[in-house]
$ cat run38.cif   # mmCIF, C-alpha atoms and all ligand atoms
data_protein
#
loop_
_atom_site.group_PDB
_atom_site.id
_atom_site.type_symbol
_atom_site.label_atom_id
_atom_site.label_comp_id
_atom_site.auth_asym_id
_atom_site.auth_seq_id
_atom_site.Cartn_x
_atom_site.Cartn_y
_atom_site.Cartn_z
ATOM 1 C CA MET A 252 186.401 127.093 187.611
ATOM 2 C CA SER A 253 187.570 123.614 188.534
ATOM 3 C CA THR A 254 185.974 120.872 186.493
ATOM 4 C CA PRO A 255 185.892 117.124 187.061
ATOM 5 C CA ALA A 256 188.934 115.328 185.712
ATOM 6 C CA ALA A 257 186.868 113.558 183.066
ATOM 7 C CA GLN A 258 186.009 116.874 181.459
ATOM 8 C CA HIS A 259 189.517 118.120 181.663
ATOM 9 C CA ALA A 260 191.074 116.489 178.611
ATOM 10 C CA PRO A 261 191.180 119.322 176.100
ATOM 11 C CA GLY A 262 188.445 119.062 173.513
ATOM 12 C CA ARG A 263 187.922 115.351 173.998
ATOM 13 C CA THR A 264 184.553 114.189 172.742
ATOM 14 C CA PRO A 265 183.063 111.027 174.181
ATOM 15 C CA ASP A 266 183.826 109.159 170.958
ATOM 16 C CA GLY A 267 187.212 110.814 170.658
ATOM 17 C CA ARG A 268 186.563 112.523 167.357
ATOM 18 C CA ILE A 269 189.060 115.307 166.828
ATOM 19 C CA ALA A 270 188.744 118.045 164.207
ATOM 20 C CA ALA A 271 192.257 119.416 164.665
ATOM 21 C CA ARG A 272 195.243 118.477 166.742
ATOM 22 C CA ALA A 273 198.598 120.011 167.536
ATOM 23 C CA ARG A 274 201.577 118.444 169.280
ATOM 24 C CA ALA A 275 204.545 120.457 170.557
ATOM 25 C CA LEU A 276 203.452 123.247 168.216
ATOM 26 C CA THR A 277 206.098 125.939 168.380
ATOM 27 C CA LYS A 278 206.151 129.139 166.393
ATOM 28 C CA ALA A 279 208.936 131.714 166.583
ATOM 29 C CA TYR A 280 209.007 134.938 164.648
ATOM 30 C CA GLY A 281 212.354 136.404 163.726
ATOM 31 C CA SER A 282 215.646 134.983 164.917
ATOM 32 C CA GLY A 283 218.483 135.606 167.318
ATOM 33 C CA GLU A 284 218.185 138.529 169.722
ATOM 34 C CA THR A 285 214.862 139.704 168.351
ATOM 35 C CA ALA A 286 213.146 136.307 168.171
ATOM 36 C CA VAL A 287 209.644 136.180 169.610
ATOM 37 C CA LEU A 288 208.262 132.852 170.744
ATOM 38 C CA ALA A 289 204.591 133.180 169.803
ATOM 39 C CA LEU A 290 203.714 129.543 170.569
ATOM 40 C CA ASP A 291 205.705 127.451 173.003
ATOM 41 C CA ALA A 292 205.237 123.684 172.523
ATOM 42 C CA VAL A 293 201.436 123.746 172.483
ATOM 43 C CA ASP A 294 199.492 120.478 172.663
ATOM 44 C CA VAL A 295 195.815 120.816 171.840
ATOM 45 C CA ASP A 296 192.885 118.740 170.589
ATOM 46 C CA ILE A 297 189.916 120.514 169.042
ATOM 47 C CA ALA A 298 186.800 118.377 169.385
ATOM 48 C CA ARG A 299 184.599 117.863 166.347
ATOM 49 C CA GLY A 300 181.085 119.251 166.606
ATOM 50 C CA ARG A 301 181.995 121.542 169.491
ATOM 51 C CA PHE A 302 182.393 125.254 170.013
ATOM 52 C CA THR A 303 185.839 126.050 171.439
ATOM 53 C CA ALA A 304 186.813 129.538 172.605
ATOM 54 C CA VAL A 305 190.395 130.775 172.896
ATOM 55 C CA MET A 306 191.139 133.569 175.368
ATOM 56 C CA GLY A 307 194.251 135.324 176.567
ATOM 57 C CA PRO A 308 195.902 138.717 176.649
ATOM 58 C CA SER A 309 196.916 140.562 173.548
ATOM 59 C CA GLY A 310 200.051 138.992 172.105
ATOM 60 C CA SER A 311 199.577 135.643 173.899
ATOM 61 C CA GLY A 312 199.511 133.753 170.602
ATOM 62 C CA LYS A 313 195.778 133.313 169.936
ATOM 63 C CA SER A 314 195.852 134.355 166.291
ATOM 64 C CA THR A 315 199.090 132.490 165.689
ATOM 65 C CA LEU A 316 197.547 129.317 167.119
ATOM 66 C CA MET A 317 194.545 129.654 164.801
ATOM 67 C CA HIS A 318 196.706 130.379 161.783
ATOM 68 C CA CYS A 319 198.944 127.387 162.459
ATOM 69 C CA LEU A 320 195.962 125.057 163.042
ATOM 70 C CA ALA A 321 194.367 126.296 159.823
ATOM 71 C CA GLY A 322 197.472 125.947 157.674
ATOM 72 C CA LEU A 323 197.595 129.712 157.128
ATOM 73 C CA ASP A 324 201.021 129.926 158.699
ATOM 74 C CA THR A 325 203.993 127.566 158.863
ATOM 75 C CA VAL A 326 205.198 126.200 162.184
ATOM 76 C CA SER A 327 208.746 126.398 163.550
ATOM 77 C CA SER A 328 208.496 122.911 165.004
ATOM 78 C CA GLY A 329 205.898 120.424 166.125
ATOM 79 C CA ARG A 330 203.043 118.780 164.217
ATOM 80 C CA VAL A 331 199.515 119.793 163.265
ATOM 81 C CA TRP A 332 196.674 117.666 161.931
ATOM 82 C CA LEU A 333 193.374 118.656 160.400
ATOM 83 C CA GLY A 334 191.195 115.618 160.939
ATOM 84 C CA ASP A 335 193.453 112.726 159.924
ATOM 85 C CA THR A 336 195.585 114.832 157.594
ATOM 86 C CA GLU A 337 198.914 116.003 158.908
ATOM 87 C CA ILE A 338 199.254 119.517 157.528
ATOM 88 C CA THR A 339 202.796 120.144 158.758
ATOM 89 C CA GLY A 340 204.907 119.057 155.836
ATOM 90 C CA LEU A 341 202.256 119.587 153.164
ATOM 91 C CA ARG A 342 203.410 121.516 150.131
ATOM 92 C CA GLU A 343 201.968 124.982 149.508
ATOM 93 C CA ARG A 344 199.665 123.754 146.726
ATOM 94 C CA GLU A 345 198.192 121.039 148.925
ATOM 95 C CA LEU A 346 197.855 123.503 151.795
ATOM 96 C CA THR A 347 196.027 125.980 149.579
ATOM 97 C CA ARG A 348 193.566 123.299 148.530
ATOM 98 C CA LEU A 349 193.100 122.114 152.126
ATOM 99 C CA ARG A 350 192.352 125.651 153.351
ATOM 100 C CA ARG A 351 189.971 126.203 150.479
ATOM 101 C CA ASP A 352 188.056 122.956 150.818
ATOM 102 C CA ARG A 353 188.161 122.104 154.503
ATOM 103 C CA VAL A 354 188.443 125.295 156.526
ATOM 104 C CA GLY A 355 186.275 128.417 156.914
ATOM 105 C CA PHE A 356 187.392 131.773 158.313
ATOM 106 C CA MET A 357 185.781 134.740 160.003
ATOM 107 C CA PHE A 358 187.770 137.806 160.963
ATOM 108 C CA GLN A 359 187.209 140.843 163.132
ATOM 109 C CA SER A 360 187.063 142.999 160.015
ATOM 110 C CA PHE A 361 184.517 141.160 157.961
ATOM 111 C CA ASN A 362 186.700 141.119 154.812
ATOM 112 C CA LEU A 363 183.787 141.347 152.400
ATOM 113 C CA ILE A 364 184.275 142.575 148.833
ATOM 114 C CA PRO A 365 182.467 145.950 148.676
ATOM 115 C CA THR A 366 181.485 145.684 145.005
ATOM 116 C CA LEU A 367 179.824 142.292 145.359
ATOM 117 C CA THR A 368 176.371 141.554 146.738
ATOM 118 C CA ALA A 369 175.925 139.515 149.893
ATOM 119 C CA ALA A 370 175.040 136.463 147.790
ATOM 120 C CA GLU A 371 178.153 136.901 145.646
ATOM 121 C CA ASN A 372 180.358 137.373 148.702
ATOM 122 C CA ILE A 373 178.993 134.205 150.280
ATOM 123 C CA THR A 374 179.863 132.017 147.303
ATOM 124 C CA LEU A 375 183.045 133.850 146.233
ATOM 125 C CA PRO A 376 185.565 131.341 147.671
ATOM 126 C CA MET A 377 183.720 128.479 146.013
ATOM 127 C CA ASP A 378 183.391 130.416 142.749
ATOM 128 C CA ILE A 379 187.136 131.038 142.735
ATOM 129 C CA ALA A 380 187.715 127.354 143.398
ATOM 130 C CA GLY A 381 185.345 126.440 140.558
ATOM 131 C CA ARG A 382 183.127 124.537 142.955
ATOM 132 C CA LYS A 383 179.375 124.586 142.786
ATOM 133 C CA PRO A 384 177.748 125.313 146.136
ATOM 134 C CA ASP A 385 175.224 122.785 147.404
ATOM 135 C CA ALA A 386 172.005 124.759 146.868
ATOM 136 C CA ARG A 387 170.131 123.128 149.758
ATOM 137 C CA TRP A 388 172.966 123.716 152.197
ATOM 138 C CA LEU A 389 173.283 127.310 151.030
ATOM 139 C CA ASP A 390 169.536 127.822 151.501
ATOM 140 C CA LEU A 391 169.767 126.408 154.992
ATOM 141 C CA ILE A 392 172.585 128.696 156.086
ATOM 142 C CA VAL A 393 171.031 131.784 154.466
ATOM 143 C CA ASP A 394 167.807 131.117 156.346
ATOM 144 C CA THR A 395 169.561 130.151 159.575
ATOM 145 C CA LEU A 396 171.509 133.414 159.441
ATOM 146 C CA GLY A 397 168.418 135.444 158.522
ATOM 147 C CA LEU A 398 169.972 136.779 155.317
ATOM 148 C CA ARG A 399 167.254 135.836 152.868
ATOM 149 C CA ASP A 400 166.076 139.405 152.252
ATOM 150 C CA ARG A 401 169.592 140.850 152.230
ATOM 151 C CA LEU A 402 171.168 138.731 149.499
ATOM 152 C CA ALA A 403 171.072 141.449 146.820
ATOM 153 C CA HIS A 404 172.583 144.100 149.116
ATOM 154 C CA ARG A 405 176.184 145.233 148.976
ATOM 155 C CA PRO A 406 178.207 145.370 152.227
ATOM 156 C CA ALA A 407 177.809 149.168 152.532
ATOM 157 C CA GLN A 408 174.026 148.662 152.588
ATOM 158 C CA LEU A 409 174.265 146.249 155.523
ATOM 159 C CA SER A 410 174.732 146.823 159.252
ATOM 160 C CA GLY A 411 177.893 145.549 160.938
ATOM 161 C CA GLY A 412 176.008 142.592 162.352
ATOM 162 C CA GLN A 413 174.559 141.736 158.955
ATOM 163 C CA GLN A 414 177.995 142.011 157.367
ATOM 164 C CA GLN A 415 179.430 139.613 159.916
ATOM 165 C CA ARG A 416 176.512 137.244 159.282
ATOM 166 C CA VAL A 417 177.424 137.343 155.576
ATOM 167 C CA ALA A 418 181.023 136.552 156.541
ATOM 168 C CA CYS A 419 179.685 133.707 158.691
ATOM 169 C CA ALA A 420 177.638 132.380 155.749
ATOM 170 C CA ARG A 421 180.724 132.630 153.533
ATOM 171 C CA ALA A 422 182.729 130.627 156.081
ATOM 172 C CA LEU A 423 179.972 127.997 156.224
ATOM 173 C CA ALA A 424 179.199 127.855 152.481
ATOM 174 C CA SER A 425 181.614 125.081 151.562
ATOM 175 C CA ARG A 426 180.542 123.083 154.631
ATOM 176 C CA PRO A 427 184.076 123.125 156.042
ATOM 177 C CA GLU A 428 185.291 120.672 158.652
ATOM 178 C CA LEU A 429 186.355 123.521 160.873
ATOM 179 C CA ILE A 430 185.505 127.206 161.186
ATOM 180 C CA PHE A 431 188.033 129.589 162.694
ATOM 181 C CA ALA A 432 186.699 132.924 163.921
ATOM 182 C CA ASP A 433 189.251 135.494 165.139
ATOM 183 C CA GLU A 434 187.416 137.999 167.360
ATOM 184 C CA PRO A 435 184.329 137.880 165.119
ATOM 185 C CA THR A 436 182.380 140.169 167.465
ATOM 186 C CA GLY A 437 185.247 142.605 168.052
ATOM 187 C CA ASN A 438 183.861 145.240 165.675
ATOM 188 C CA LEU A 439 180.212 144.817 166.571
ATOM 189 C CA ASP A 440 177.977 146.526 169.103
ATOM 190 C CA SER A 441 176.867 144.200 171.869
ATOM 191 C CA ARG A 442 173.493 143.362 170.340
ATOM 192 C CA ALA A 443 174.952 142.471 166.926
ATOM 193 C CA GLY A 444 177.720 140.593 168.716
ATOM 194 C CA LEU A 445 175.183 138.489 170.595
ATOM 195 C CA GLU A 446 173.407 137.772 167.352
ATOM 196 C CA VAL A 447 176.551 136.541 165.622
ATOM 197 C CA LEU A 448 177.430 134.407 168.664
ATOM 198 C CA GLY A 449 173.967 132.923 168.540
ATOM 199 C CA PHE A 450 174.505 131.962 164.927
ATOM 200 C CA LEU A 451 177.898 130.399 165.643
ATOM 201 C CA ARG A 452 176.302 128.459 168.487
ATOM 202 C CA GLY A 453 173.545 127.413 166.083
ATOM 203 C CA ALA A 454 176.090 126.341 163.460
ATOM 204 C CA VAL A 455 177.437 123.903 166.041
ATOM 205 C CA ASP A 456 174.143 122.745 167.562
ATOM 206 C CA ASP A 457 171.902 122.698 164.489
ATOM 207 C CA LEU A 458 174.303 122.241 161.576
ATOM 208 C CA GLY A 459 176.887 120.042 163.299
ATOM 209 C CA GLN A 460 179.780 122.391 162.534
ATOM 210 C CA THR A 461 183.003 122.755 164.522
ATOM 211 C CA VAL A 462 183.949 126.285 165.567
ATOM 212 C CA VAL A 463 187.103 127.697 167.161
ATOM 213 C CA MET A 464 186.709 131.328 168.200
ATOM 214 C CA VAL A 465 189.162 133.824 169.643
ATOM 215 C CA THR A 466 187.516 136.361 171.912
ATOM 216 C CA HIS A 467 188.313 138.891 174.626
ATOM 217 C CA ASP A 468 184.769 138.884 175.910
ATOM 218 C CA PRO A 469 183.863 136.558 178.818
ATOM 219 C CA GLY A 470 180.226 136.752 177.711
ATOM 220 C CA ALA A 471 181.160 135.525 174.258
ATOM 221 C CA ALA A 472 183.369 132.789 175.673
ATOM 222 C CA ALA A 473 180.417 131.666 177.801
ATOM 223 C CA ARG A 474 178.580 130.615 174.647
ATOM 224 C CA SER A 475 181.294 128.048 173.908
ATOM 225 C CA ASP A 476 181.597 124.473 175.174
ATOM 226 C CA LEU A 477 185.218 124.795 176.226
ATOM 227 C CA VAL A 478 187.501 127.769 176.840
ATOM 228 C CA LEU A 479 191.241 127.452 176.319
ATOM 229 C CA PHE A 480 193.288 130.079 178.148
ATOM 230 C CA LEU A 481 196.513 131.150 176.500
ATOM 231 C CA ALA A 482 199.334 133.093 178.136
ATOM 232 C CA ASP A 483 202.842 133.609 176.806
ATOM 233 C CA GLY A 484 202.326 131.179 173.965
ATOM 234 C CA ARG A 485 201.121 128.330 176.149
ATOM 235 C CA ILE A 486 197.746 126.881 177.026
ATOM 236 C CA VAL A 487 197.711 127.496 180.765
ATOM 237 C CA ASP A 488 194.181 126.380 181.580
ATOM 238 C CA GLU A 489 190.835 125.338 180.186
ATOM 239 C CA MET A 490 187.248 125.487 181.338
ATOM 240 C CA ALA A 491 184.381 123.261 180.234
ATOM 241 C CA ARG A 492 180.798 124.589 180.282
ATOM 242 C CA PRO A 493 182.003 128.134 180.997
ATOM 243 C CA THR A 494 179.936 130.921 182.478
ATOM 244 C CA ALA A 495 180.812 134.594 181.993
ATOM 245 C CA GLU A 496 181.380 134.986 185.740
ATOM 246 C CA ALA A 497 183.716 132.002 185.954
ATOM 247 C CA VAL A 498 185.687 133.175 182.912
ATOM 248 C CA LEU A 499 185.998 136.673 184.332
ATOM 249 C CA GLU A 500 187.155 135.229 187.640
ATOM 250 C CA ARG A 501 189.692 133.039 185.839
ATOM 251 C CA MET A 502 191.144 136.050 184.018
ATOM 252 C CA ARG A 503 191.713 137.955 187.210
ATOM 253 C CA VAL A 504 195.355 137.773 188.207
ATOM 254 C CA VAL A 505 195.817 136.935 191.852
ATOM 255 C CA PRO A 506 199.222 138.252 192.968
ATOM 256 C CA GLY A 507 201.115 135.654 194.948
ATOM 257 C CA GLY A 508 198.421 133.069 194.326
ATOM 258 C CA ASP A 509 199.064 130.151 191.998
ATOM 259 C CA PRO A 510 202.846 129.602 191.688
ATOM 260 C CA ARG A 511 202.422 129.830 187.920
ATOM 261 C CA PRO A 512 199.500 132.148 187.384
ATOM 262 C CA PRO A 513 198.373 132.742 183.831
ATOM 263 C CA ARG A 514 199.775 136.147 183.120
ATOM 264 C CA PHE A 515 196.689 137.775 181.703
ATOM 265 C CA ASP A 516 198.240 141.139 182.386
ATOM 266 C CA ALA A 517 201.444 140.168 180.659
ATOM 267 C CA VAL A 518 202.725 142.078 177.683
ATOM 268 C CA ARG A 519 203.998 139.792 174.989
ATOM 269 C CA GLY A 520 206.791 140.355 172.568
ATOM 270 C CA ARG A 521 209.700 139.999 174.928
ATOM 271 C CA PRO A 522 212.871 138.613 173.412
ATOM 272 C CA ARG A 523 213.182 134.882 173.801
ATOM 273 C CA ASP A 524 216.176 135.320 176.075
ATOM 274 C CA GLY A 525 214.064 137.210 178.565
ATOM 275 C CA ARG A 526 211.887 134.225 179.341
ATOM 276 C CA THR A 527 214.014 132.627 182.035
ATOM 277 C CA ASP A 528 211.820 133.780 184.922
ATOM 278 C CA GLU A 529 208.776 131.999 183.516
ATOM 279 C CA GLU A 530 210.347 128.706 182.573
ATOM 280 C CA GLY A 531 209.960 126.069 185.102
HETATM 281 N N1 LIG B 601 204.289 138.323 161.581
HETATM 282 C C1 LIG B 601 204.838 138.500 162.777
HETATM 283 N N2 LIG B 601 206.128 138.872 162.906
HETATM 284 C C2 LIG B 601 206.704 139.021 164.108
HETATM 285 N N3 LIG B 601 206.066 138.804 165.269
HETATM 286 C C3 LIG B 601 204.783 138.417 165.210
HETATM 287 C C4 LIG B 601 204.100 138.254 163.978
HETATM 288 N N4 LIG B 601 202.828 137.864 164.239
HETATM 289 C C5 LIG B 601 202.721 137.806 165.576
HETATM 290 N N5 LIG B 601 203.894 138.143 166.163
HETATM 291 C C6 LIG B 601 204.160 138.168 167.609
HETATM 292 O O1 LIG B 601 203.795 136.901 168.146
HETATM 293 C C7 LIG B 601 203.144 137.058 169.393
HETATM 294 C C8 LIG B 601 201.745 136.453 169.327
HETATM 295 O O2 LIG B 601 200.964 137.207 168.412
HETATM 296 P P1 LIG B 601 199.419 136.878 168.138
HETATM 297 O O3 LIG B 601 199.273 135.428 167.863
HETATM 298 O O4 LIG B 601 198.965 137.810 167.069
HETATM 299 O O5 LIG B 601 198.742 137.228 169.541
HETATM 300 P P2 LIG B 601 197.215 137.451 169.906
HETATM 301 O O6 LIG B 601 196.366 137.036 168.736
HETATM 302 O O7 LIG B 601 196.983 136.611 171.122
HETATM 303 O O8 LIG B 601 197.073 138.902 170.228
HETATM 304 C C9 LIG B 601 203.161 138.554 169.686
HETATM 305 O O9 LIG B 601 204.277 138.823 170.484
HETATM 306 C C10 LIG B 601 203.307 139.173 168.317
HETATM 307 O O10 LIG B 601 203.937 140.419 168.409
HETATM 308 MG MG MG B 602 194.995 138.154 167.556
#
$ encode --input "run38.cif" --output "structure tokens"
Amino acid sequence: MSTPAAQHAPGRTPDGRIAARARALTKAYGSGETAVLALDAVDVDIARGRFTAVMGPSGSGKSTLMHCLAGLDTVSSGRVWLGDTEITGLRERELTRLRRDRVGFMFQSFNLIPTLTAAENITLPMDIAGRKPDARWLDLIVDTLGLRDRLAHRPAQLSGGQQQRVACARALASRPELIFADEPTGNLDSRAGLEVLGFLRGAVDDLGQTVVMVTHDPGAAARSDLVLFLADGRIVDEMARPTAEAVLERMRVVPGGDPRPPRFDAVRGRPRDGRTDEEG
């Protein structure tokens, strides 16, 4: 899993172009005795035009990291930028516009509107925003995702994989700077999952998009350019040009090995006060 030092700067592209950046990003839920530290002073750079995977045990802060990077959630402290725009400190109206115009989302549950056709679902966010989709771009993503003959179908008439492809097209429709996908293959069988991963990979390679994807699946992570490993609200490691085997190996906890092993078996949600054993 070790990579040369040059590859080890998180998400650094050769020309240094960064799609999103966080510095000392800290997010606590609740307060006092029951406070949970979901993110603990995270520094991260997400490279533009790359496919970044985020892995870690349940409760390690993966979704919180995505939500904070995307301006879906406020931070407790620290700073976040989308491109050159610092989003920490933006007012809610500006944040809403930024999310709408510059960010795309895919979720584990596809979140499609059942009464709308695939075509209507794909353009819904832009319709709500009163923006006219770029017809040529829309054509390109519909064809890239193989949805041409499914556009008139409603979600219930589509397979899970097709529904997630519609959600992928919806995320891509406004040509966002950054696409966040939170376990996009989590509800799919392995074949449909592979298909969706292939399309995300294609969105990066062929359409020049930037994708950040949370996944539990080493095989899915292996399709990315860089894997960030989260544990206890911190980025504890990263792996460039991952393979499924190397990711699996990395996730294995070796008792008594590394003095600060990533606790992939750890259960999150401990009170903040209980963290003393892991500080260091
Ligand atoms: N809205 C919330 N209120 C309180 N605690 C939360 C909330 N959202 C997440 N958490 C806690 O923050 C930690 C990180 O959660 P999350 O980012 O969802 O983890 P992951 O996506 O890696 O499973 C967990 O301990 C979780 O219980
Ligand atoms: Mg999550």
$ resolve_selection --input "run38.cif" --expression "the PyMOL selection byres (((chain A and resi 427) around 6) and not hetatm)" --output "ChimeraX atom specification"
/A:353-355,425-426,428-429
$ residues_around --input "run38.cif" --residues "region 399-411 of chain A" --least-positions-apart "5" --cutoff "6 Å" --atoms "all atoms listed in the file" --output "count of residues only"
7
$ residues_near_point --input "run38.cif" --point "(172.6, 129.6, 167.0)" --cutoff "12 Å" --atoms "only C-alpha atoms" --output "count of residues only"
27
$ closest_atom_pairs --input "run38.cif" --of "region 268-310 of chain A" --to "region 434-442 of chain A" --cutoff "10 Å" --atoms "all atoms listed in the file" --output "Markdown table"
| residue | atom | partner | partner_atom | distance |
| --- | --- | --- | --- | --- |
| A:Ala304 | CA | A:Glu434 | CA | 10.0 |
| A:Val305 | CA | A:Glu434 | CA | 9.6 |
| A:Met306 | CA | A:Glu434 | CA | 9.9 |
$ resolve_selection --input "run38.cif" --expression "the PyMOL selection byres (((not hetatm)) within 12 of (chain B and resi 602))" --output "ChimeraX atom specification"
/A:289,305-318,358-360,432-435,437,464-467,481,484,519
$ closest_residue --input "run38.cif" --among "A:Ala443, A:Ala424, A:Phe356, A:Asp296" --to "Lys383 (chain A)" --atoms "all atoms listed in the file"
A:Ala424
$ atom_distance --input "run38.cif" --atom1 "CA of Arg387 (chain A)" --atom2 "CA of Ala271 (chain A)"
26.9 Å
$ atom_distance --input "run38.cif" --atom1 "atom N3 of ligand LIG 601 (chain B)" --atom2 "CA of Val326 (chain A)"
13.0 Å
$ closest_residue --input "run38.cif" --among "A:Asp468, A:Thr303, A:Arg350, A:Phe361" --to "Ala420 (chain A)" --atoms "all atoms listed in the file"
A:Phe361
$ closest_residue --input "run38.cif" --among "A:Asp385, A:Asp335, A:Asp390, A:Asp483" --to "ligand LIG 601 (chain B)" --atoms "only C-alpha atoms and all ligand atoms"
A:Asp483
$ decode --input "run38.cif" --residues "region 389-408 of chain A" --atoms "N, CA and C atoms" --output "short mmCIF file (atom, residue, chain, number, x, y, z; two decimals), in the first residue's frame"
data_model
loop_
_atom_site.label_atom_id
_atom_site.label_comp_id
_atom_site.auth_asym_id
_atom_site.auth_seq_id
_atom_site.Cartn_x
_atom_site.Cartn_y
_atom_site.Cartn_z
N LEU A 389 -26.66 17.41 -22.24
CA LEU A 389 -27.66 16.46 -21.78
C LEU A 389 -27.68 15.23 -22.69
N ASP A 390 -27.63 15.46 -23.99
CA ASP A 390 -27.57 14.35 -24.95
C ASP A 390 -26.37 13.46 -24.68
N LEU A 391 -25.24 14.10 -24.43
CA LEU A 391 -24.01 13.36 -24.21
C LEU A 391 -24.12 12.48 -22.97
N ILE A 392 -24.66 13.03 -21.88
CA ILE A 392 -24.72 12.21 -20.67
C ILE A 392 -25.78 11.12 -20.79
N VAL A 393 -26.89 11.41 -21.46
CA VAL A 393 -27.93 10.39 -21.65
C VAL A 393 -27.37 9.23 -22.47
N ASP A 394 -26.61 9.55 -23.49
CA ASP A 394 -26.01 8.48 -24.31
C ASP A 394 -24.89 7.77 -23.56
N THR A 395 -24.06 8.54 -22.87
CA THR A 395 -22.97 7.93 -22.11
C THR A 395 -23.51 6.95 -21.07
N LEU A 396 -24.63 7.31 -20.46
CA LEU A 396 -25.23 6.48 -19.41
C LEU A 396 -26.18 5.43 -19.98
N GLY A 397 -26.34 5.40 -21.30
CA GLY A 397 -27.19 4.39 -21.92
C GLY A 397 -28.66 4.51 -21.54
N LEU A 398 -29.14 5.75 -21.42
CA LEU A 398 -30.52 5.96 -20.97
C LEU A 398 -31.46 6.41 -22.08
N ARG A 399 -30.94 6.45 -23.29
CA ARG A 399 -31.72 7.02 -24.39
C ARG A 399 -33.11 6.40 -24.51
N ASP A 400 -33.19 5.07 -24.42
CA ASP A 400 -34.49 4.42 -24.62
C ASP A 400 -35.26 4.22 -23.31
N ARG A 401 -34.81 4.89 -22.26
CA ARG A 401 -35.51 4.79 -20.97
C ARG A 401 -36.06 6.12 -20.49
N LEU A 402 -35.92 7.16 -21.32
CA LEU A 402 -36.22 8.52 -20.86
C LEU A 402 -37.69 8.72 -20.50
N ALA A 403 -38.59 7.97 -21.14
CA ALA A 403 -40.03 8.16 -20.89
C ALA A 403 -40.52 7.28 -19.74
N HIS A 404 -39.62 6.43 -19.19
CA HIS A 404 -40.04 5.53 -18.12
C HIS A 404 -40.05 6.22 -16.77
N ARG A 405 -40.94 5.76 -15.91
CA ARG A 405 -40.94 6.22 -14.52
C ARG A 405 -40.02 5.30 -13.71
N PRO A 406 -39.54 5.79 -12.55
CA PRO A 406 -38.60 4.99 -11.75
C PRO A 406 -39.06 3.55 -11.53
N ALA A 407 -40.35 3.34 -11.23
CA ALA A 407 -40.84 1.98 -10.95
C ALA A 407 -40.69 1.05 -12.16
N GLN A 408 -40.55 1.63 -13.34
CA GLN A 408 -40.40 0.82 -14.56
C GLN A 408 -38.94 0.58 -14.90
#
